[in-house]
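S.K.: Structure file entry_26.txt, compact mmCIF, C-alpha atoms, is pasted below:
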# COMPACT_ATOMS: atom_id res chain seq x y z
CA MET A 1 -2.30 -68.51 -61.28
CA LYS A 2 -5.68 -69.96 -60.33
CA VAL A 3 -5.43 -71.78 -57.01
CA ALA A 4 -7.85 -73.98 -55.10
CA VAL A 5 -7.50 -73.95 -51.33
CA PHE A 6 -9.25 -76.83 -49.61
CA GLY A 7 -10.15 -76.03 -46.02
CA THR A 8 -11.53 -72.95 -44.34
CA GLY A 9 -9.54 -73.11 -41.10
CA MET A 10 -6.53 -71.05 -40.03
CA VAL A 11 -4.19 -72.81 -42.44
CA GLY A 12 -6.44 -72.38 -45.47
CA ASP A 13 -7.03 -68.74 -44.60
CA ALA A 14 -3.30 -68.05 -44.17
CA ILE A 15 -2.32 -69.79 -47.41
CA GLY A 16 -5.22 -68.35 -49.42
CA SER A 17 -4.66 -64.79 -48.21
CA LYS A 18 -0.94 -64.99 -48.94
CA LEU A 19 -1.56 -66.29 -52.46
CA ILE A 20 -3.93 -63.39 -53.11
CA ASP A 21 -1.34 -60.93 -51.76
CA LEU A 22 1.03 -62.40 -54.33
CA GLY A 23 -1.45 -61.72 -57.15
CA HIS A 24 -3.03 -65.13 -57.59
CA THR A 25 -6.75 -65.83 -57.78
CA VAL A 26 -7.96 -68.20 -55.07
CA MET A 27 -11.12 -70.24 -54.70
CA MET A 28 -11.59 -71.58 -51.18
CA GLY A 29 -13.37 -74.91 -51.28
CA SER A 30 -15.52 -76.41 -48.59
CA ARG A 31 -18.35 -78.90 -48.26
CA THR A 32 -21.06 -76.34 -48.89
CA ARG A 33 -21.16 -73.19 -51.00
CA ASP A 34 -22.44 -71.07 -48.11
CA ASN A 35 -19.66 -71.86 -45.63
CA GLU A 36 -19.39 -68.81 -43.33
CA LYS A 37 -15.61 -68.87 -43.04
CA ALA A 38 -15.20 -69.10 -46.81
CA LYS A 39 -17.58 -66.16 -47.24
CA ASN A 40 -15.54 -64.16 -44.71
CA PHE A 41 -12.39 -65.05 -46.64
CA VAL A 42 -13.96 -63.63 -49.81
CA ALA A 43 -15.21 -60.52 -48.03
CA LYS A 44 -11.76 -59.88 -46.57
CA ASN A 45 -9.70 -60.53 -49.68
CA GLY A 46 -11.65 -58.79 -52.44
CA GLU A 47 -12.26 -59.72 -56.03
CA LYS A 48 -9.38 -62.18 -56.37
CA ALA A 49 -11.04 -64.37 -53.72
CA LYS A 50 -13.83 -66.79 -54.52
CA ASN A 51 -15.54 -69.61 -52.73
CA GLY A 52 -17.29 -72.78 -53.79
CA THR A 53 -17.70 -76.46 -53.17
CA PHE A 54 -14.67 -78.74 -53.14
CA SER A 55 -15.62 -79.82 -56.66
CA GLU A 56 -15.99 -76.26 -57.95
CA ALA A 57 -12.68 -75.25 -56.37
CA ALA A 58 -10.83 -78.27 -57.76
CA GLU A 59 -12.19 -77.56 -61.24
CA PHE A 60 -11.20 -73.88 -60.93
CA GLY A 61 -7.67 -74.38 -59.66
CA ASP A 62 -4.56 -75.07 -61.71
CA ILE A 63 -3.09 -76.28 -58.44
CA ILE A 64 -4.74 -77.44 -55.20
CA PHE A 65 -3.57 -76.72 -51.64
CA ASN A 66 -4.93 -79.27 -49.17
CA CYS A 67 -5.33 -77.36 -45.92
CA THR A 68 -8.08 -79.53 -44.45
CA ALA A 69 -7.74 -81.42 -41.17
CA GLY A 70 -5.78 -84.57 -41.98
CA VAL A 71 -8.44 -87.03 -40.85
CA ALA A 72 -10.91 -85.35 -43.25
CA SER A 73 -8.54 -84.81 -46.18
CA LEU A 74 -9.27 -87.90 -48.25
CA GLU A 75 -13.01 -87.31 -48.05
CA ALA A 76 -12.57 -83.65 -48.99
CA LEU A 77 -10.36 -84.50 -51.95
CA ARG A 78 -12.78 -87.19 -53.11
CA SER A 79 -15.49 -84.53 -53.03
CA GLY A 80 -13.19 -82.50 -55.28
CA GLU A 81 -13.56 -85.33 -57.80
CA GLU A 82 -10.74 -87.16 -59.48
CA LYS A 83 -11.58 -85.69 -62.90
CA ASN A 84 -10.93 -82.19 -61.55
CA LEU A 85 -7.70 -83.19 -59.81
CA ALA A 86 -6.13 -85.29 -62.57
CA GLY A 87 -2.86 -83.93 -63.92
CA LYS A 88 -2.69 -81.23 -61.25
CA ILE A 89 -0.38 -80.67 -58.31
CA ILE A 90 -1.88 -81.28 -54.88
CA VAL A 91 0.18 -79.44 -52.26
CA ASP A 92 -0.51 -81.39 -49.09
CA ILE A 93 -0.03 -79.33 -45.92
CA SER A 94 -2.18 -81.49 -43.67
CA ASN A 95 -1.27 -83.76 -40.76
CA PRO A 96 -3.26 -86.87 -39.81
CA LEU A 97 -3.81 -85.73 -36.23
CA ASP A 98 -6.50 -87.76 -34.50
CA PHE A 99 -8.02 -85.90 -31.56
CA SER A 100 -10.84 -88.42 -31.07
CA LYS A 101 -9.16 -90.04 -28.05
CA GLY A 102 -8.25 -86.74 -26.37
CA MET A 103 -4.96 -84.94 -25.97
CA PRO A 104 -2.31 -85.32 -27.09
CA PRO A 105 -3.54 -86.39 -30.52
CA SER A 106 -2.19 -89.54 -32.09
CA LEU A 107 -1.54 -90.01 -35.80
CA ALA A 108 -4.29 -91.76 -37.78
CA VAL A 109 -1.73 -92.99 -40.33
CA VAL A 110 1.82 -93.60 -39.18
CA ASN A 111 5.11 -95.47 -39.31
CA THR A 112 4.89 -97.57 -42.51
CA ASN A 113 2.44 -95.23 -44.23
CA SER A 114 1.51 -91.56 -44.27
CA LEU A 115 -1.34 -89.31 -45.30
CA GLY A 116 0.77 -87.91 -48.13
CA GLU A 117 1.17 -91.42 -49.54
CA GLU A 118 -2.52 -92.20 -49.08
CA ILE A 119 -3.47 -89.10 -51.05
CA GLN A 120 -1.01 -90.00 -53.82
CA LYS A 121 -2.37 -93.58 -53.95
CA THR A 122 -5.97 -92.34 -54.02
CA PHE A 123 -5.25 -89.84 -56.83
CA PRO A 124 -2.57 -91.51 -58.96
CA GLN A 125 -3.08 -89.02 -61.80
CA SER A 126 -2.29 -86.07 -59.52
CA LYS A 127 1.16 -85.01 -58.34
CA VAL A 128 1.23 -84.81 -54.55
CA VAL A 129 3.87 -82.61 -52.96
CA LYS A 130 4.02 -82.64 -49.17
CA THR A 131 5.37 -79.48 -47.59
CA LEU A 132 4.91 -76.84 -44.85
CA ASN A 133 3.23 -79.32 -42.46
CA THR A 134 5.99 -78.99 -39.86
CA MET A 135 5.13 -75.53 -38.53
CA TRP A 136 2.42 -73.08 -37.47
CA CYS A 137 0.64 -71.49 -40.45
CA GLY A 138 1.80 -67.97 -39.58
CA ILE A 139 5.36 -69.04 -40.29
CA MET A 140 4.44 -70.99 -43.44
CA VAL A 141 3.55 -67.79 -45.29
CA ASN A 142 5.93 -65.43 -43.49
CA PRO A 143 9.18 -67.23 -42.66
CA ALA A 144 10.90 -63.89 -42.07
CA MET A 145 8.91 -63.43 -38.86
CA ILE A 146 11.47 -65.59 -36.98
CA ASN A 147 15.28 -65.78 -37.09
CA GLY A 148 15.51 -63.53 -40.15
CA GLY A 149 13.82 -66.25 -42.19
CA ASP A 150 16.74 -68.61 -41.62
CA HIS A 151 15.15 -71.98 -40.80
CA ASN A 152 13.98 -75.01 -42.76
CA VAL A 153 11.05 -76.32 -44.74
CA PHE A 154 10.87 -79.77 -46.30
CA VAL A 155 9.36 -80.92 -49.59
CA CYS A 156 8.79 -84.43 -50.84
CA GLY A 157 6.91 -86.04 -53.69
CA ASN A 158 7.33 -88.37 -56.63
CA ASP A 159 7.34 -85.75 -59.41
CA THR A 160 10.46 -83.62 -59.75
CA SER A 161 8.90 -80.84 -61.82
CA ALA A 162 5.97 -80.61 -59.41
CA LYS A 163 8.44 -80.19 -56.54
CA GLU A 164 10.21 -77.44 -58.51
CA GLU A 165 6.92 -75.62 -59.05
CA VAL A 166 6.06 -75.86 -55.36
CA THR A 167 9.57 -74.73 -54.45
CA ASN A 168 8.99 -71.62 -56.55
CA ILE A 169 5.81 -70.92 -54.60
CA LEU A 170 7.70 -71.39 -51.33
CA THR A 171 10.31 -68.92 -52.58
CA SER A 172 7.54 -66.43 -53.31
CA PHE A 173 6.36 -66.90 -49.69
CA GLY A 174 9.81 -65.78 -48.54
CA TRP A 175 11.59 -69.12 -48.11
CA LYS A 176 15.27 -69.03 -49.01
CA ASP A 177 16.42 -71.64 -51.53
CA LYS A 178 19.12 -72.93 -49.19
CA ASN A 179 16.49 -73.63 -46.54
CA ILE A 180 14.14 -75.69 -48.73
CA LEU A 181 15.21 -79.32 -48.40
CA ASP A 182 13.96 -81.93 -50.88
CA LEU A 183 13.72 -85.17 -48.88
CA GLY A 184 12.87 -87.40 -51.84
CA ASP A 185 9.73 -89.25 -52.84
CA ILE A 186 6.32 -89.12 -51.17
CA THR A 187 7.21 -91.89 -48.67
CA LYS A 188 9.29 -89.21 -46.95
CA ALA A 189 5.98 -87.70 -45.79
CA ARG A 190 6.17 -90.28 -42.98
CA GLY A 191 9.02 -88.40 -41.38
CA THR A 192 7.51 -84.94 -41.65
CA GLU A 193 4.14 -86.15 -40.33
CA MET A 194 5.74 -88.17 -37.51
CA TYR A 195 7.58 -85.02 -36.42
CA LEU A 196 4.26 -83.60 -35.22
CA PRO A 197 4.31 -85.20 -31.74
CA LEU A 198 7.72 -83.60 -31.11
CA TRP A 199 6.39 -80.29 -32.46
CA LEU A 200 3.45 -80.51 -30.04
CA SER A 201 5.77 -81.36 -27.13
CA ILE A 202 8.02 -78.40 -27.87
CA TYR A 203 4.98 -76.14 -28.14
CA GLY A 204 3.73 -77.51 -24.82
CA ALA A 205 7.09 -76.98 -23.10
CA THR A 206 7.71 -73.48 -24.42
CA SER A 207 4.11 -72.16 -24.73
CA ASN A 208 5.17 -70.70 -28.09
CA GLY A 209 3.94 -72.06 -31.41
CA ALA A 210 5.82 -69.50 -33.47
CA PHE A 211 8.97 -71.57 -33.72
CA ASN A 212 10.64 -73.74 -36.30
CA ILE A 213 13.71 -75.91 -36.65
CA LYS A 214 16.93 -74.94 -38.37
CA LEU A 215 19.28 -77.67 -39.46
CA VAL A 216 22.85 -77.02 -38.34
CA SER A 217 25.91 -79.02 -39.27
CA MET B 1 30.69 -91.46 -10.39
CA LYS B 2 30.33 -95.16 -11.22
CA VAL B 3 28.45 -95.55 -14.49
CA ALA B 4 27.05 -98.59 -16.28
CA VAL B 5 26.89 -98.35 -20.07
CA PHE B 6 24.66 -100.97 -21.66
CA GLY B 7 25.61 -101.67 -25.26
CA THR B 8 28.94 -102.09 -27.01
CA GLY B 9 28.10 -100.34 -30.28
CA MET B 10 29.12 -96.88 -31.45
CA VAL B 11 26.78 -95.11 -29.05
CA GLY B 12 27.96 -97.04 -25.99
CA ASP B 13 31.58 -96.52 -26.96
CA ALA B 14 31.09 -92.77 -27.48
CA ILE B 15 29.20 -92.28 -24.21
CA GLY B 16 31.50 -94.54 -22.18
CA SER B 17 34.69 -92.95 -23.51
CA LYS B 18 33.38 -89.45 -22.85
CA LEU B 19 32.41 -90.33 -19.29
CA ILE B 20 35.91 -91.68 -18.67
CA ASP B 21 37.44 -88.51 -20.15
CA LEU B 22 35.36 -86.63 -17.59
CA GLY B 23 36.82 -88.70 -14.72
CA HIS B 24 34.06 -91.23 -14.17
CA THR B 25 34.54 -94.99 -13.88
CA VAL B 26 32.58 -96.94 -16.49
CA MET B 27 31.60 -100.57 -16.74
CA MET B 28 30.41 -101.52 -20.19
CA GLY B 29 27.77 -104.23 -19.95
CA SER B 30 26.96 -106.83 -22.55
CA ARG B 31 25.45 -110.29 -22.75
CA THR B 32 28.73 -112.06 -22.14
CA ARG B 33 31.79 -111.13 -20.12
CA ASP B 34 34.14 -111.80 -23.03
CA ASN B 35 32.49 -109.46 -25.56
CA GLU B 36 35.26 -108.34 -27.96
CA LYS B 37 34.03 -104.76 -28.34
CA ALA B 38 33.78 -104.36 -24.57
CA LYS B 39 37.32 -105.69 -24.18
CA ASN B 40 38.54 -103.21 -26.81
CA PHE B 41 36.75 -100.43 -24.92
CA VAL B 42 38.66 -101.40 -21.74
CA ALA B 43 41.99 -101.71 -23.59
CA LYS B 44 41.51 -98.27 -25.15
CA ASN B 45 40.32 -96.42 -22.07
CA GLY B 46 42.63 -97.66 -19.32
CA GLU B 47 42.00 -98.41 -15.68
CA LYS B 48 38.79 -96.43 -15.34
CA ALA B 49 37.14 -98.74 -17.88
CA LYS B 50 35.71 -102.12 -16.95
CA ASN B 51 33.51 -104.65 -18.64
CA GLY B 52 31.07 -107.24 -17.44
CA THR B 53 27.67 -108.77 -17.93
CA PHE B 54 24.56 -106.59 -17.96
CA SER B 55 23.90 -107.72 -14.39
CA GLU B 56 27.42 -106.95 -13.21
CA ALA B 57 27.36 -103.54 -14.89
CA ALA B 58 23.94 -102.67 -13.44
CA GLU B 59 25.10 -103.64 -9.96
CA PHE B 60 28.29 -101.58 -10.39
CA GLY B 61 26.70 -98.41 -11.73
CA ASP B 62 25.15 -95.60 -9.72
CA ILE B 63 23.47 -94.66 -12.99
CA ILE B 64 22.80 -96.69 -16.16
CA PHE B 65 23.06 -95.46 -19.76
CA ASN B 66 21.00 -97.59 -22.11
CA CYS B 67 22.88 -97.50 -25.43
CA THR B 68 21.62 -100.82 -26.77
CA ALA B 69 19.65 -101.16 -29.99
CA GLY B 70 16.08 -100.23 -29.15
CA VAL B 71 14.52 -103.55 -30.14
CA ALA B 72 16.92 -105.31 -27.73
CA SER B 73 16.78 -102.80 -24.88
CA LEU B 74 14.10 -104.38 -22.70
CA GLU B 75 15.80 -107.77 -22.83
CA ALA B 76 19.17 -106.21 -22.02
CA LEU B 77 17.74 -104.27 -19.07
CA ARG B 78 15.94 -107.37 -17.80
CA SER B 79 19.30 -109.14 -17.89
CA GLY B 80 20.58 -106.25 -15.76
CA GLU B 81 18.06 -107.41 -13.15
CA GLU B 82 15.49 -105.25 -11.46
CA LYS B 83 17.21 -105.50 -8.05
CA ASN B 84 20.32 -103.85 -9.53
CA LEU B 85 18.35 -101.12 -11.31
CA ALA B 86 15.91 -100.19 -8.53
CA GLY B 87 16.24 -96.61 -7.29
CA LYS B 88 18.71 -95.72 -10.04
CA ILE B 89 18.48 -93.43 -13.04
CA ILE B 90 18.28 -95.14 -16.43
CA VAL B 91 19.35 -92.69 -19.13
CA ASP B 92 17.63 -94.03 -22.23
CA ILE B 93 19.38 -93.05 -25.47
CA SER B 94 17.93 -95.82 -27.61
CA ASN B 95 15.45 -95.73 -30.48
CA PRO B 96 13.06 -98.60 -31.29
CA LEU B 97 14.25 -98.87 -34.90
CA ASP B 98 13.10 -102.12 -36.50
CA PHE B 99 15.28 -103.08 -39.47
CA SER B 100 13.72 -106.54 -39.82
CA LYS B 101 11.61 -105.52 -42.83
CA GLY B 102 14.45 -103.71 -44.61
CA MET B 103 15.15 -100.04 -45.14
CA PRO B 104 13.98 -97.59 -44.07
CA PRO B 105 13.42 -98.98 -40.58
CA SER B 106 10.03 -98.62 -38.96
CA LEU B 107 9.48 -98.04 -35.25
CA ALA B 108 8.69 -101.13 -33.16
CA VAL B 109 6.79 -98.99 -30.63
CA VAL B 110 5.10 -95.84 -31.84
CA ASN B 111 2.31 -93.27 -31.71
CA THR B 112 0.46 -94.02 -28.46
CA ASN B 113 3.46 -95.59 -26.75
CA SER B 114 7.24 -95.36 -26.80
CA LEU B 115 10.27 -97.35 -25.78
CA GLY B 116 11.03 -94.86 -23.03
CA GLU B 117 7.59 -95.49 -21.53
CA GLU B 118 7.95 -99.25 -21.89
CA ILE B 119 11.25 -99.15 -19.98
CA GLN B 120 9.68 -97.01 -17.24
CA LYS B 121 6.71 -99.39 -16.99
CA THR B 122 8.98 -102.44 -16.87
CA PHE B 123 11.20 -100.90 -14.16
CA PRO B 124 8.84 -98.80 -12.04
CA GLN B 125 11.42 -98.44 -9.26
CA SER B 126 13.93 -96.84 -11.62
CA LYS B 127 13.87 -93.29 -12.93
CA VAL B 128 13.96 -93.27 -16.71
CA VAL B 129 15.22 -90.13 -18.43
CA LYS B 130 15.06 -90.11 -22.21
CA THR B 131 17.63 -87.90 -23.91
CA LEU B 132 20.22 -87.62 -26.71
CA ASN B 133 18.33 -90.04 -29.00
CA THR B 134 17.75 -87.38 -31.67
CA MET B 135 21.28 -87.18 -33.07
CA TRP B 136 24.41 -89.05 -34.13
CA CYS B 137 26.53 -90.18 -31.18
CA GLY B 138 29.52 -88.03 -32.17
CA ILE B 139 27.42 -84.95 -31.50
CA MET B 140 25.90 -86.33 -28.28
CA VAL B 141 29.26 -86.13 -26.51
CA ASN B 142 30.74 -83.21 -28.43
CA PRO B 143 28.01 -80.69 -29.28
CA ALA B 144 30.66 -78.04 -30.00
CA MET B 145 31.63 -79.89 -33.18
CA ILE B 146 28.76 -78.17 -35.04
CA ASN B 147 27.41 -74.60 -34.99
CA GLY B 148 29.55 -73.60 -32.00
CA GLY B 149 27.52 -75.97 -29.86
CA ASP B 150 24.37 -73.94 -30.43
CA HIS B 151 21.64 -76.50 -31.12
CA ASN B 152 19.15 -78.48 -29.05
CA VAL B 153 18.85 -81.62 -26.98
CA PHE B 154 15.65 -82.80 -25.31
CA VAL B 155 15.09 -84.49 -21.95
CA CYS B 156 11.94 -86.07 -20.60
CA GLY B 157 11.05 -88.26 -17.66
CA ASN B 158 8.76 -88.49 -14.66
CA ASP B 159 11.31 -87.61 -11.96
CA THR B 160 12.39 -83.98 -11.74
CA SER B 161 15.55 -84.54 -9.72
CA ALA B 162 16.63 -87.34 -12.08
CA LYS B 163 16.21 -84.94 -15.00
CA GLU B 164 18.32 -82.37 -13.15
CA GLU B 165 21.07 -84.91 -12.61
CA VAL B 166 21.02 -85.92 -16.27
CA THR B 167 21.01 -82.27 -17.28
CA ASN B 168 24.20 -81.80 -15.26
CA ILE B 169 25.80 -84.68 -17.16
CA LEU B 170 24.70 -83.11 -20.46
CA THR B 171 26.27 -79.84 -19.34
CA SER B 172 29.51 -81.70 -18.64
CA PHE B 173 29.35 -83.06 -22.21
CA GLY B 174 29.33 -79.47 -23.46
CA TRP B 175 25.62 -78.81 -23.82
CA LYS B 176 24.57 -75.26 -23.00
CA ASP B 177 21.81 -74.89 -20.43
CA LYS B 178 19.71 -72.76 -22.79
CA ASN B 179 19.77 -75.57 -25.37
CA ILE B 180 18.58 -78.36 -23.06
CA LEU B 181 14.79 -78.46 -23.30
CA ASP B 182 12.74 -80.38 -20.73
CA LEU B 183 9.69 -81.66 -22.64
CA GLY B 184 7.89 -83.06 -19.61
CA ASP B 185 7.11 -86.59 -18.48
CA ILE B 186 8.24 -89.84 -20.08
CA THR B 187 5.28 -89.90 -22.51
CA LYS B 188 7.16 -87.16 -24.36
CA ALA B 189 9.58 -89.87 -25.48
CA ARG B 190 7.00 -90.56 -28.21
CA GLY B 191 7.89 -87.32 -29.92
CA THR B 192 11.66 -87.71 -29.73
CA GLU B 193 11.50 -91.31 -30.95
CA MET B 194 9.04 -90.48 -33.75
CA TYR B 195 11.45 -87.80 -34.96
CA LEU B 196 13.78 -90.57 -36.13
CA PRO B 197 12.18 -91.11 -39.57
CA LEU B 198 12.65 -87.40 -40.31
CA TRP B 199 16.23 -87.61 -39.04
CA LEU B 200 16.86 -90.54 -41.37
CA SER B 201 15.28 -88.68 -44.32
CA ILE B 202 17.44 -85.61 -43.71
CA TYR B 203 20.52 -87.81 -43.43
CA GLY B 204 19.53 -89.51 -46.69
CA ALA B 205 18.96 -86.21 -48.49
CA THR B 206 22.14 -84.51 -47.29
CA SER B 207 24.50 -87.51 -46.94
CA ASN B 208 25.63 -85.97 -43.65
CA GLY B 209 24.79 -87.48 -40.27
CA ALA B 210 26.71 -84.84 -38.33
CA PHE B 211 23.77 -82.46 -38.07
CA ASN B 212 21.25 -81.47 -35.46
CA ILE B 213 18.24 -79.18 -35.12
CA LYS B 214 18.23 -75.78 -33.51
CA LEU B 215 14.93 -74.34 -32.37
CA VAL B 216 14.43 -70.79 -33.59
CA SER B 217 11.61 -68.44 -32.66
Kindly present the structure from the file in structure tokens form.
M.R.:
Amino acid sequence: MKVAVFGTGMVGDAIGSKLIDLGHTVMMGSRTRDNEKAKNFVAKNGEKAKNGTFSEAAEFGDIIFNCTAGVASLEALRSGEEKNLAGKIIVDISNPLDFSKGMPPSLAVVNTNSLGEEIQKTFPQSKVVKTLNTMWCGIMVNPAMINGGDHNVFVCGNDTSAKEEVTNILTSFGWKDKNILDLGDITKARGTEMYLPLWLSIYGATSNGAFNIKLVS
Amino acid sequence: MKVAVFGTGMVGDAIGSKLIDLGHTVMMGSRTRDNEKAKNFVAKNGEKAKNGTFSEAAEFGDIIFNCTAGVASLEALRSGEEKNLAGKIIVDISNPLDFSKGMPPSLAVVNTNSLGEEIQKTFPQSKVVKTLNTMWCGIMVNPAMINGGDHNVFVCGNDTSAKEEVTNILTSFGWKDKNILDLGDITKARGTEMYLPLWLSIYGATSNGAFNIKLVS
């Protein structure tokens, strides 16, 4: 599969490298073609790794992973151009964390709206699936690193077949079917984004970001 | 111990009944002295159960459990009167769920503030400890009903000794020490309150409210 990864930070690197490990071809997109981190990603990952502008990556990819910082996501996706994104799945992993007023961050979109919804509204011809945004990126692509892989990831989005396709990718990352919970339509992104302040508090209290939640009943 | 329970709903009934089972004396407070649910609580729980106004209950209690609906909590506590609450622990179990615009509820206080903080600011002479607000009330008082009691509850508040006292009460409810996580000061109530939309989404997706989260790392 040809995949576009938007964002050159830790999350984009983790997702892009994992997808290449799994045999996919990945173009990492950023604002400029000579982004240093994107060039390092290519150097590290060999011939299946490419880099380009957001627009070039969006055109290249059959599917787009949004791994940009949440407050920059809409601008990045607009740079990807609607014509390149139309009809495609956008896997939104971002969180609208606003660090501009110091720590702890607040959420730039919250309560009666979410970044996932904003992306879906901005790109109505794309199929936005929100997932993986409730944990550290190391766990996203290697769930087995904690608790034998037995913990939960959420998906939500308006398009059922898009959610199935993303669920298959999650399975290829090592997520067990029983631990992938479909919360419903894209409005459910509110809940997974609003979980972030609790995530940050737990991280602060335990000094360990390599954790996740397991639903028990 | 003499305990005031504010609120006559399911949460107040569950907390009050459990405290009586544990040998405490409980006065359930409500707006009026002849509240039917409070009278039923007394009839069901025998001589260790009392009922009264918010003010009478606050005066009676050595400690106050706020189990009112979040959007009504400040008014209820004001009716309890500052002079009756001063120097005492207020265990805040409420969530600021606003159902006035339909389902799903939004949060009336959110993001850069929380109901726990508002209560602490309104009653600076009291010691607010936020806890138990992240689960269904049946689990609050009987954690062993799921997963052998192995799942998490959070506490936060500005006063360390107040958190210790509340932790002891949680232990008496059946919570294991290792599963009681102190998140820090009362600003951490933001995270536990903002978890509610995710809680509601999980409940909606699974049709089961008798669940909780277990931190795994």
S.K.: Can you tell me how far atom CA of Ser94 of chain B sits from atom CA of Arg190 of chain B, in Å to one decimal?
M.R.: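 So the two atoms, atom CA of Ser94 of chain B and atom CA of Arg190 of chain B, lie 12.1 Å apart.
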S.K.: I'd like the interatomic distance between atom CA of Asn208 of chain B and atom CA of Met140 of chain B, to a tenth of an Å.
M.R.: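 For atom CA of Asn208 of chain B relative to atom CA of Met140 of chain B, the distance reads 15.4 Å.
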S.K.: Measuring atom to atom with only C-alpha atoms, identify which of A:Gly46, A:Gly191, A:Gly52, A:Pro104 is nearest to Phe154 of chain A.
M.R.: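 Checking each candidate against Phe154 of chain A, we get A:Gly191 as the closest.
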S.K.: Once you count all atoms listed in the file, which residues of chain A turn out to be within 6 Å of chain B? Could you give them as JSON, numbers by chain?
M.R.: {"A": [106, 111, 146, 183, 191, 192, 194, 195, 197, 198, 201, 205, 210, 211, 212, 213, 214, 215, 216, 217]}
S.K.: Find the spatial neighbours of Lys2 of chain B, counting all atoms listed in the file, within a cut-off of 9 Å - ignore same-chain residues fewer than 3 positions away - and output them as a ChimeraX atom specification.
M.R.: /B:24-27,60-63
S.K.: Report, as JSON, the centre and edge lengths in Å (one decimal) of the axis-aligned box enclosing every listed atom of segment 78-90 of chain A, padded by 6 Å on each side.
M.R.:
{"center_x": -7.9, "center_y": -83.9, "center_z": -58.5, "size_x": 27.1, "size_y": 18.5, "size_z": 22.9}
S.K.: To one decimal in Å, tell me the separation between atom CA of Asp92 of chain A and atom CA of Lys37 of chain A.
M.R.: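 These atoms are spaced 20.5 Å apart.
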S.K.: Could you check which of A:Gly102, A:Gly157, A:Gly138, A:Gly87 is closest to Ile15 of chain A, using all atoms listed in the file?
M.R.: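 Checking each of A:Gly102, A:Gly157, A:Gly138, A:Gly87 against Ile15 of chain A, counting all atoms listed in the file, the winner is A:Gly138.
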S.K.: Pick from B:Glu59, B:Asn66, B:Lys44, B:Val166: nearest to Gly12 of chain B, with all atoms listed in the file counted?
M.R.: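 Checking each candidate against Gly12 of chain B, we get B:Asn66 as the closest.
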S.K.: Which residues, written as a list in words, have at least one atom at most 7 Å from segment 173-176 of chain B, with only C-alpha atoms counted and residues fewer than 5 positions away on the same chain left out?
M.R.: Val141, Asn142, Pro143, Ala144 and Gly149 of chain B
S.K.: Within 9 Å of Gly7 of chain A, counting all atoms listed in the file, which residues show up once you throw out same-chain ones fewer than 2 positions away? Write them as a ChimeraX atom specification, please.
M.R.: /A:5,9-13,28-31,38,54,65-69,73,76
S.K.: Restricting the calculation to only C-alpha atoms, which member of B:Ala162, B:Leu77, B:Ala4, B:Leu97 is positioned closest to Ala49 of chain B?
M.R.: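 Nearest candidate to Ala49 of chain B out of B:Ala162, B:Leu77, B:Ala4, B:Leu97: B:Ala4.
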S.K.: Using only C-alpha atoms, tabulate the residues of segment 73-114 of chain A lying at most 10 Å from any atom of segment 121-133 of chain A, each with its closest atom pair and that distance in Å to one decimal, by chain and increasing residue number, as a tab-separated table.
M.R.:
residue	atom	partner	partner_atom	distance
A:Leu74	CA	A:Thr122	CA	8.0
A:Leu77	CA	A:Phe123	CA	8.9
A:Arg78	CA	A:Thr122	CA	8.6
A:Glu81	CA	A:Phe123	CA	9.5
A:Glu82	CA	A:Phe123	CA	6.7
A:Lys83	CA	A:Gln125	CA	9.2
A:Asn84	CA	A:Ser126	CA	9.7
A:Leu85	CA	A:Ser126	CA	6.1
A:Ala86	CA	A:Gln125	CA	4.9
A:Gly87	CA	A:Ser126	CA	4.9
A:Lys88	CA	A:Ser126	CA	5.2
A:Ile89	CA	A:Lys127	CA	4.6
A:Ile90	CA	A:Val128	CA	4.7
A:Val91	CA	A:Val129	CA	4.9
A:Asp92	CA	A:Lys130	CA	4.7
A:Ile93	CA	A:Asn133	CA	4.8
A:Ser94	CA	A:Asn133	CA	6.0
A:Asn95	CA	A:Asn133	CA	6.5
S.K.: I need the chosen residues saved as a short mmCIF file (atom, residue, chain, number, x, y, z; two decimals), in the coordinates of the input, with C-alpha atoms.
M.R.:
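Saved to selection_21.cif:
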data_model
loop_
_atom_site.label_atom_id
_atom_site.label_comp_id
_atom_site.auth_asym_id
_atom_site.auth_seq_id
_atom_site.Cartn_x
_atom_site.Cartn_y
_atom_site.Cartn_z
CA LEU A 74 -9.27 -87.90 -48.25
CA LEU A 77 -10.36 -84.50 -51.95
CA ARG A 78 -12.78 -87.19 -53.11
CA GLU A 81 -13.56 -85.33 -57.80
CA GLU A 82 -10.74 -87.16 -59.48
CA LYS A 83 -11.58 -85.69 -62.90
CA ASN A 84 -10.93 -82.19 -61.55
CA LEU A 85 -7.70 -83.19 -59.81
CA ALA A 86 -6.13 -85.29 -62.57
CA GLY A 87 -2.86 -83.93 -63.92
CA LYS A 88 -2.69 -81.23 -61.25
CA ILE A 89 -0.38 -80.67 -58.31
CA ILE A 90 -1.88 -81.28 -54.88
CA VAL A 91 0.18 -79.44 -52.26
CA ASP A 92 -0.51 -81.39 -49.09
CA ILE A 93 -0.03 -79.33 -45.92
CA SER A 94 -2.18 -81.49 -43.67
CA ASN A 95 -1.27 -83.76 -40.76
#
S.K.: Nearest to Gly116 of chain B: which of B:Asp185, B:Asp177, B:Glu36, B:Glu47 is it, counting all atoms listed in the file?
M.R.: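 Nearest to Gly116 of chain B: B:Asp185.
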S.K.: Let me make sure I understand: among B:Lys50, B:Cys137, B:Leu115, B:Ile186, which one has the smallest atom-to-atom distance to Thr160 of chain B if we use all atoms listed in the file?
M.R.: B:Ile186
